[in-house]
Each structure stands twice: as structure tokens, then as C-alpha cells.
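Novice: Contents of run.txt (compact mmCIF, C-alpha atoms) are given next:
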```
# COMPACT_ATOMS: atom_id res chain seq x y z
CA MET A 129 0.00 0.00 0.00
CA THR A 130 2.77 2.43 0.92
CA GLN A 131 4.64 1.61 -2.30
CA THR A 132 1.51 2.26 -4.40
CA LEU A 133 0.92 5.56 -2.62
CA GLY A 134 4.55 6.55 -3.29
CA ILE A 135 4.21 5.75 -6.99
CA VAL A 136 0.95 7.71 -7.26
CA LEU A 137 2.48 10.67 -5.46
CA MET A 138 5.53 10.57 -7.76
CA VAL A 139 3.30 10.50 -10.87
CA VAL A 140 1.22 13.42 -9.56
CA VAL A 141 4.35 15.50 -8.86
CA GLN A 142 5.82 14.71 -12.30
CA LEU A 143 2.55 15.60 -14.07
CA SER A 144 2.36 18.85 -12.10
CA ILE A 145 5.89 19.78 -13.13
CA LEU A 146 5.17 18.85 -16.73
CA GLY A 147 1.97 20.91 -16.72
CA ALA A 148 3.69 23.96 -15.23
CA THR A 149 6.54 23.68 -17.73
CA GLY A 150 4.07 23.41 -20.60
CA TYR A 151 2.17 26.43 -19.35
CA PHE A 152 5.31 28.61 -19.19
CA ILE A 153 6.45 27.45 -22.63
CA TYR A 154 2.99 28.27 -24.00
CA ARG A 155 3.05 31.77 -22.45
CA PHE A 156 6.57 32.42 -23.71
CA ALA A 157 5.74 31.28 -27.25
CA LYS A 158 2.51 33.30 -27.27
CA ALA A 159 4.43 36.47 -26.34
CA ARG A 160 6.97 35.84 -29.13
CA TYR A 161 4.23 35.31 -31.72
CA ALA A 162 2.49 38.50 -30.56
CA ARG A 163 5.74 40.46 -31.01
CA ALA A 164 6.22 39.02 -34.50
CA ALA A 165 2.59 39.66 -35.41
CA ALA A 166 3.05 43.32 -34.50
CA GLY A 167 5.71 43.38 -37.22
CA VAL A 168 7.82 46.15 -35.72
CA ILE A 169 11.40 46.24 -36.96
CA GLU A 170 13.36 48.40 -34.54
CA THR A 171 16.46 50.45 -35.31
CA ALA A 172 19.46 49.81 -33.05
CA ALA A 173 22.06 52.37 -31.99
CA ASP A 174 24.59 50.96 -34.50
CA GLY A 175 22.17 51.56 -37.39
CA GLY A 176 21.11 47.92 -37.59
CA ARG A 177 17.47 46.99 -38.05
CA SER A 178 16.40 44.32 -35.54
CA VAL A 179 13.86 41.91 -37.00
CA PRO A 180 11.65 40.16 -34.40
CA VAL A 181 12.45 36.44 -34.58
CA ILE A 182 10.38 33.70 -32.96
CA ALA A 183 13.03 31.03 -33.43
CA ALA A 184 16.27 30.54 -35.34
CA PHE A 185 17.64 27.31 -36.79
CA SER A 186 20.91 26.09 -38.29
CA GLY A 187 20.44 23.56 -41.04
CA VAL A 188 22.90 21.56 -43.08
CA ARG A 189 23.28 22.41 -46.73
CA GLY A 190 21.94 19.57 -48.86
CA LEU A 191 19.55 18.20 -46.24
CA PRO A 192 15.80 18.90 -46.34
CA TRP A 193 14.88 22.48 -45.34
CA TRP A 194 12.93 21.37 -42.26
CA PHE A 195 15.93 19.53 -40.75
CA ALA A 196 17.93 21.53 -38.20
CA VAL A 197 21.03 20.63 -36.24
CA ALA A 198 20.61 23.54 -33.82
CA SER A 199 17.72 25.75 -32.79
CA ASN A 200 17.08 28.68 -30.49
CA ASN A 201 13.66 29.85 -29.38
CA THR A 202 14.90 31.56 -26.22
CA ASN A 203 16.98 34.45 -27.54
CA PRO A 204 17.30 34.26 -31.34
CA ALA A 205 18.42 37.33 -33.22
CA LEU A 206 18.42 38.71 -36.75
CA VAL A 207 19.78 42.21 -37.28
CA ILE A 208 20.20 43.69 -40.73
CA LEU A 209 23.19 46.01 -40.53
CA PRO A 210 24.30 48.54 -43.14
CA THR A 211 27.13 46.14 -44.08
CA GLY A 212 25.64 42.68 -43.48
CA LEU A 213 23.77 40.45 -41.06
CA ARG A 214 24.15 39.75 -37.36
CA TYR A 215 22.30 36.65 -36.19
CA ARG A 216 22.16 34.22 -33.30
CA VAL A 217 21.23 30.57 -33.25
CA ILE A 218 23.69 29.28 -30.65
CA ARG A 219 26.17 32.14 -30.63
CA LEU A 220 26.29 35.54 -32.29
CA HIS A 221 27.63 35.67 -35.87
CA GLU A 222 28.16 38.56 -38.25
CA ARG A 223 28.42 38.11 -42.02
CA PRO A 224 28.76 40.67 -44.82
CA PHE A 225 26.12 40.79 -47.54
CA SER A 226 28.73 39.51 -50.02
CA ALA A 227 28.83 36.20 -48.09
CA ILE A 228 25.12 35.55 -48.77
CA GLU A 229 24.62 33.03 -51.55
CA GLN A 230 20.82 33.09 -51.53
CA VAL A 231 17.80 34.12 -49.46
CA ASP A 232 14.59 32.07 -49.59
CA VAL A 233 11.23 32.19 -47.82
CA ARG A 234 9.50 29.01 -46.64
CA THR A 235 6.04 28.98 -45.13
CA ALA A 236 4.24 26.30 -43.17
CA TRP A 237 1.57 26.28 -40.47
CA LYS A 238 2.26 29.32 -38.20
CA THR A 239 5.78 29.51 -39.59
CA VAL A 240 7.41 31.91 -42.02
CA ASN A 241 11.13 31.24 -42.29
CA LEU A 242 13.71 33.45 -43.93
CA GLU A 243 16.30 30.93 -45.09
CA ILE A 244 19.78 32.20 -45.77
CA ARG A 245 22.55 30.20 -47.43
CA PHE A 246 26.09 31.48 -47.11
CA ARG A 247 28.86 31.00 -49.67
CA GLY A 248 31.25 28.20 -48.71
CA ALA A 249 29.43 27.40 -45.46
CA ALA A 250 28.08 23.98 -44.55
CA LEU A 251 25.40 25.44 -42.25
CA THR A 252 22.40 27.55 -43.24
CA LEU A 253 20.33 29.99 -41.21
CA ALA A 254 16.55 29.89 -40.93
CA ALA A 255 14.81 32.62 -38.95
CA ASN A 256 11.11 32.20 -38.18
CA VAL A 257 9.64 35.71 -38.36
CA GLY A 258 6.06 34.52 -37.95
CA THR A 259 4.27 36.52 -40.67
CA THR A 260 4.69 37.08 -44.39
CA ASP A 261 4.34 40.83 -43.83
CA LEU A 262 7.36 40.86 -41.52
CA ALA A 263 9.29 38.65 -43.96
CA ARG A 264 8.49 41.14 -46.74
CA GLN A 265 9.71 44.03 -44.60
CA ALA A 266 12.95 42.20 -43.81
CA LEU A 267 13.54 41.32 -47.47
CA ALA A 268 13.02 44.97 -48.40
CA LEU A 269 15.89 45.94 -46.06
CA LEU A 270 18.38 43.78 -47.95
CA PRO A 271 20.47 45.42 -50.70
CA ALA A 272 19.33 44.81 -54.28
CA ASP A 273 22.45 42.74 -55.07
CA VAL A 274 21.61 40.05 -52.47
CA PRO A 275 20.34 37.05 -54.49
CA LEU A 276 16.72 36.08 -53.76
CA THR A 277 14.91 32.93 -54.84
CA ASP A 278 11.81 33.25 -57.02
CA ARG A 279 9.67 32.59 -53.93
CA ALA A 280 11.36 35.40 -51.96
CA ARG A 281 11.22 37.80 -54.92
CA SER A 282 7.51 37.16 -55.45
CA LEU A 283 6.82 37.79 -51.75
CA LEU A 284 8.85 41.01 -51.87
CA ASN A 285 6.99 42.22 -54.96
CA ALA A 286 3.52 41.07 -53.82
CA PRO A 287 1.02 43.79 -52.95
CA THR A 288 0.80 44.46 -49.21
CA SER A 289 -2.42 43.60 -47.46
```
How would this structure read if it were set down as C-alpha cells?
Specialist:
Amino acid sequence: MTQTLGIVLMVVVQLSILGATGYFIYRFAKARYARAAAGVIETAADGGRSVPVIAAFSGVRGLPWWFAVASNNTNPALVILPTGLRYRVIRLHERPFSAIEQVDVRTAWKTVNLEIRFRGAALTLAANVGTTDLARQALALLPADVPLTDRARSLLNAPTS
């Protein structure tokens, strides 16, 4: 009887912890989606334009676009600087625009990813900005000589809603 009571108590405690963790993750994700839905790109002191990012992912070139080897939904970053990009998946990186091989946009349920491939790099960057409007705004901040895929170009040139 005591052993059964101990097992039941342990299961109740574990379910309570799981429920509380799920609740905080839900609240955190909801706040990130609300920030992205607002679509406000802020200007930093260094002249960079900070794009609200829900999550950032590092993929491997040649693998399917939805496969990631690293992700960050706690403190991802995407800043479009006058000279290039600053982004964070695991750690902060800065790349010049000349290092960008191609920018693509992929959409799925509640996900709008700006996918960036860099010249000579094995890893790619995908930044979930949450809305196509915010993706369009971010694409418009890139210089005209940054190569866009047909999908990204059509989103950039699409009429705003």
C-alpha cells in the first residue's frame, strides 16, 4: 500500500511539473508570436534593423529544409546592418552581404522562415519571423544585389495587405 501511494504521489508530482513547464512554454511562445505579429522592426544604436524572430535554426546544406542541427527559441536574433547580417542561433555571428549566396522564404503552419545560405558554409540559417508581412519588410531591407529565390522575390513584390 505504501509503495503504491509513493508511486501515485511521484506521478502526480511529475505531471504537475510537466503541466507547469508546458504552461510557461505556451506563455513564452505566445508572447513571441504576438511580437512578430506586430511586425515592428526596430532600429538599433549601430544603425542595424532588428527583425523580431520567434526562433532561429541552423540547417545543413543539402539536407531537407525542415531539418535543423541547432535551434534557439529563447533568444534568437536577426539584425540587418548597413554592411551585413548579425544573427544568433547558438552564438552571435556577423556576415557581410557579399557572403550571402541566396535568401529564400519558406512557409508552413504558423511559420514563415527566412532561409539564408552562405557561400562556402556547410550550415544555413533559418529565422522564423512569424508573418509574411514581416518577412516582406525584412527582405526589403536587404540590398538589391543580395540574391533572392523566385519565392522570396515574389513575396517582396507582392502587394501588401
Novice: Skip Val188 (chain A) itself and residues of its chain fewer than 2 positions away, then list as a list in words all residues within 7 Å of it, counting only C-alpha atoms.
Specialist: Ser186, Gly190, Leu191, Ala196, Ala250, Leu251 and Thr252 of chain A
Novice: Excluding Thr239 (chain A) and any residue of its chain fewer than 6 positions from it, enumerate the residues within 9 Å of it, using all atoms listed in the file, and give them as a PyMOL selection string.
Specialist: chain A and resi 256-259
Novice: Please write the residues from the selection above to a file, keeping C-alpha atoms, as an mmCIF file, in the frame of the given file.
Specialist:
```
data_model
loop_
_atom_site.group_PDB
_atom_site.id
_atom_site.type_symbol
_atom_site.label_atom_id
_atom_site.label_comp_id
_atom_site.auth_asym_id
_atom_site.auth_seq_id
_atom_site.Cartn_x
_atom_site.Cartn_y
_atom_site.Cartn_z
ATOM 1 C CA ASN A 256 11.110 32.200 -38.180
ATOM 2 C CA VAL A 257 9.640 35.710 -38.360
ATOM 3 C CA GLY A 258 6.060 34.520 -37.950
ATOM 4 C CA THR A 259 4.270 36.520 -40.670
#
```
Novice: Which residues, written as a short mmCIF file (atom, residue, chain, number, x, y, z; two decimals) with C-alpha atoms, in the frame of the given file, have at least one atom at most 12 Å from Thr211 (chain A), with only C-alpha atoms counted and residues fewer than 5 positions away on the same chain left out?
Specialist:
```cif
data_model
loop_
_atom_site.label_atom_id
_atom_site.label_comp_id
_atom_site.auth_asym_id
_atom_site.auth_seq_id
_atom_site.Cartn_x
_atom_site.Cartn_y
_atom_site.Cartn_z
CA ASP A 174 24.59 50.96 -34.50
CA GLY A 175 22.17 51.56 -37.39
CA GLY A 176 21.11 47.92 -37.59
CA ARG A 177 17.47 46.99 -38.05
CA GLU A 222 28.16 38.56 -38.25
CA ARG A 223 28.42 38.11 -42.02
CA PRO A 224 28.76 40.67 -44.82
CA PHE A 225 26.12 40.79 -47.54
CA SER A 226 28.73 39.51 -50.02
CA ALA A 227 28.83 36.20 -48.09
CA ILE A 228 25.12 35.55 -48.77
CA LEU A 269 15.89 45.94 -46.06
CA LEU A 270 18.38 43.78 -47.95
CA PRO A 271 20.47 45.42 -50.70
CA VAL A 274 21.61 40.05 -52.47
#
```
Novice: Of the candidates A:Val141, A:Ile182, A:Val233, A:Ala172, which shows the shortest atom-to-atom distance to Pro210 (chain A), using only C-alpha atoms?
Specialist: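 Checking each candidate against Pro210 (chain A), we get A:Ala172 as the closest.
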Novice: Kindly indicate which residue among A:Ala173, A:Val181, A:Leu284, A:Val140 lies nearest to Leu267 (chain A), using all atoms listed in the file for the distances.
Specialist: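 That would be A:Leu284, the residue with the smallest distance to Leu267 (chain A).
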Novice: Hey, can you check how far CA of Val168 (chain A) sits from CA of Pro180 (chain A)?
Specialist: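 A separation of 7.2 Å between them.
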Novice: Give me the residues within 8 Å of Asp261 (chain A) as JSON, numbers by chain, counting only C-alpha atoms and dropping any in the same chain fewer than 2 places off.
Specialist: {"A": [167, 259, 263, 264, 265, 288]}
Novice: Those same residues, written as an mmCIF file, in the frame of the given file with C-alpha atoms?
Specialist:
```cif
data_model
loop_
_atom_site.group_PDB
_atom_site.id
_atom_site.type_symbol
_atom_site.label_atom_id
_atom_site.label_comp_id
_atom_site.auth_asym_id
_atom_site.auth_seq_id
_atom_site.Cartn_x
_atom_site.Cartn_y
_atom_site.Cartn_z
ATOM 1 C CA GLY A 167 5.710 43.380 -37.220
ATOM 2 C CA THR A 259 4.270 36.520 -40.670
ATOM 3 C CA ALA A 263 9.290 38.650 -43.960
ATOM 4 C CA ARG A 264 8.490 41.140 -46.740
ATOM 5 C CA GLN A 265 9.710 44.030 -44.600
ATOM 6 C CA THR A 288 0.800 44.460 -49.210
#
```
Novice: Could you check the closest approach to Ala183 (chain A) for each of A:Arg216, A:Leu137, A:Ala255, A:Val207 and tell me which residue wins, using only C-alpha atoms?
Specialist: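 Comparing A:Arg216, A:Leu137, A:Ala255, A:Val207 against Ala183 (chain A), the winner is A:Ala255.
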Novice: Using only C-alpha atoms, which of the listed residues (A:Met138, A:Ala236, A:Leu262, A:Ala254) sits closest to Ala205 (chain A)?
Specialist: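 So, comparing all the options, the nearest one is A:Ala254.
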Novice: Using CA of Val217 (chain A) and CA of Arg234 (chain A) as the two end points, give the distance in Å to one decimal.
Specialist: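 We find that CA of Val217 (chain A) and CA of Arg234 (chain A) lie 17.9 Å from each other.
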Novice: Between CA of Gly248 (chain A) and CA of Asn285 (chain A), what is the spacing in Å?
Specialist: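 Separation between CA of Asn285 (chain A) and CA of Gly248 (chain A): 28.7 Å.
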Novice: Of the candidates A:Pro192, A:Asn200, A:Ala148, A:Val231, which one gets nearest to Ala272 (chain A) if we count only C-alpha atoms?
Specialist: A:Val231
Novice: Which is closest to Ala184 (chain A) among A:Glu170, A:Leu242, A:Ala268, A:Gly134, if we use only C-alpha atoms?
Specialist: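 Closest residue, counting only C-alpha atoms: A:Leu242.
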Novice: Taking all heavy atoms as the atom set, what does region 245-256 of chain A look like once completed, written as an mmCIF file, in the coordinates of the input?
Specialist:
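The result, stored in selection04.cif:
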```
data_model
loop_
_atom_site.group_PDB
_atom_site.id
_atom_site.type_symbol
_atom_site.label_atom_id
_atom_site.label_comp_id
_atom_site.auth_asym_id
_atom_site.auth_seq_id
_atom_site.Cartn_x
_atom_site.Cartn_y
_atom_site.Cartn_z
ATOM 1 N N ARG A 245 21.393 31.056 -47.145
ATOM 2 C CA ARG A 245 22.550 30.200 -47.430
ATOM 3 C C ARG A 245 23.752 31.088 -47.637
ATOM 4 O O ARG A 245 23.676 32.086 -48.349
ATOM 5 C CB ARG A 245 22.312 29.372 -48.694
ATOM 6 C CG ARG A 245 21.748 28.033 -48.418
ATOM 7 C CD ARG A 245 21.871 27.102 -49.594
ATOM 8 N NE ARG A 245 21.760 27.753 -50.890
ATOM 9 C CZ ARG A 245 21.125 27.240 -51.932
ATOM 10 N NH1 ARG A 245 20.536 26.089 -51.822
ATOM 11 N NH2 ARG A 245 21.083 27.876 -53.067
ATOM 12 N N PHE A 246 24.860 30.708 -47.009
ATOM 13 C CA PHE A 246 26.090 31.480 -47.110
ATOM 14 C C PHE A 246 27.083 30.773 -48.025
ATOM 15 O O PHE A 246 27.143 29.540 -48.039
ATOM 16 C CB PHE A 246 26.704 31.693 -45.723
ATOM 17 C CG PHE A 246 25.813 32.459 -44.786
ATOM 18 C CD1 PHE A 246 25.071 31.815 -43.810
ATOM 19 C CD2 PHE A 246 25.692 33.838 -44.901
ATOM 20 C CE1 PHE A 246 24.252 32.516 -42.953
ATOM 21 C CE2 PHE A 246 24.864 34.552 -44.051
ATOM 22 C CZ PHE A 246 24.140 33.894 -43.081
ATOM 23 N N ARG A 247 27.847 31.551 -48.763
ATOM 24 C CA ARG A 247 28.860 31.000 -49.670
ATOM 25 C C ARG A 247 29.911 30.221 -48.875
ATOM 26 O O ARG A 247 30.447 30.720 -47.899
ATOM 27 C CB ARG A 247 29.561 32.126 -50.428
ATOM 28 C CG ARG A 247 28.732 32.742 -51.511
ATOM 29 C CD ARG A 247 29.523 33.869 -52.194
ATOM 30 N NE ARG A 247 28.899 34.401 -53.373
ATOM 31 C CZ ARG A 247 27.747 35.069 -53.419
ATOM 32 N NH1 ARG A 247 27.083 35.267 -52.323
ATOM 33 N NH2 ARG A 247 27.270 35.531 -54.557
ATOM 34 N N GLY A 248 30.186 28.997 -49.316
ATOM 35 C CA GLY A 248 31.250 28.200 -48.710
ATOM 36 C C GLY A 248 30.964 27.688 -47.317
ATOM 37 O O GLY A 248 31.855 27.153 -46.679
ATOM 38 N N ALA A 249 29.755 27.852 -46.819
ATOM 39 C CA ALA A 249 29.430 27.400 -45.460
ATOM 40 C C ALA A 249 28.580 26.130 -45.519
ATOM 41 O O ALA A 249 27.709 26.000 -46.377
ATOM 42 C CB ALA A 249 28.673 28.490 -44.710
ATOM 43 N N ALA A 250 28.848 25.219 -44.605
ATOM 44 C CA ALA A 250 28.080 23.980 -44.550
ATOM 45 C C ALA A 250 26.726 24.183 -43.868
ATOM 46 O O ALA A 250 25.780 23.450 -44.131
ATOM 47 C CB ALA A 250 28.863 22.911 -43.805
ATOM 48 N N LEU A 251 26.638 25.192 -42.987
ATOM 49 C CA LEU A 251 25.400 25.440 -42.250
ATOM 50 C C LEU A 251 24.613 26.595 -42.861
ATOM 51 O O LEU A 251 25.188 27.546 -43.395
ATOM 52 C CB LEU A 251 25.707 25.750 -40.783
ATOM 53 C CG LEU A 251 26.362 24.629 -39.990
ATOM 54 C CD1 LEU A 251 26.640 25.087 -38.565
ATOM 55 C CD2 LEU A 251 25.508 23.380 -39.987
ATOM 56 N N THR A 252 23.302 26.498 -42.767
ATOM 57 C CA THR A 252 22.400 27.550 -43.240
ATOM 58 C C THR A 252 21.719 28.185 -42.028
ATOM 59 O O THR A 252 21.759 27.643 -40.923
ATOM 60 C CB THR A 252 21.329 26.968 -44.175
ATOM 61 O OG1 THR A 252 20.547 26.019 -43.447
ATOM 62 C CG2 THR A 252 21.963 26.305 -45.382
ATOM 63 N N LEU A 253 21.082 29.309 -42.260
ATOM 64 C CA LEU A 253 20.330 29.990 -41.210
ATOM 65 C C LEU A 253 18.870 30.049 -41.629
ATOM 66 O O LEU A 253 18.552 30.403 -42.763
ATOM 67 C CB LEU A 253 20.850 31.419 -41.021
ATOM 68 C CG LEU A 253 19.964 32.377 -40.216
ATOM 69 C CD1 LEU A 253 19.919 31.965 -38.754
ATOM 70 C CD2 LEU A 253 20.452 33.801 -40.358
ATOM 71 N N ALA A 254 17.982 29.703 -40.724
ATOM 72 C CA ALA A 254 16.550 29.890 -40.930
ATOM 73 C C ALA A 254 16.022 30.665 -39.729
ATOM 74 O O ALA A 254 16.247 30.280 -38.585
ATOM 75 C CB ALA A 254 15.829 28.551 -41.057
ATOM 76 N N ALA A 255 15.363 31.785 -40.008
ATOM 77 C CA ALA A 255 14.810 32.620 -38.950
ATOM 78 C C ALA A 255 13.301 32.680 -39.118
ATOM 79 O O ALA A 255 12.815 33.173 -40.141
ATOM 80 C CB ALA A 255 15.411 34.025 -39.010
ATOM 81 N N ASN A 256 12.572 32.173 -38.137
ATOM 82 C CA ASN A 256 11.110 32.200 -38.180
ATOM 83 C C ASN A 256 10.646 33.582 -37.726
ATOM 84 O O ASN A 256 10.768 33.936 -36.562
ATOM 85 C CB ASN A 256 10.534 31.116 -37.274
ATOM 86 C CG ASN A 256 9.016 31.094 -37.279
ATOM 87 O OD1 ASN A 256 8.358 31.851 -37.978
ATOM 88 N ND2 ASN A 256 8.450 30.207 -36.485
#
```
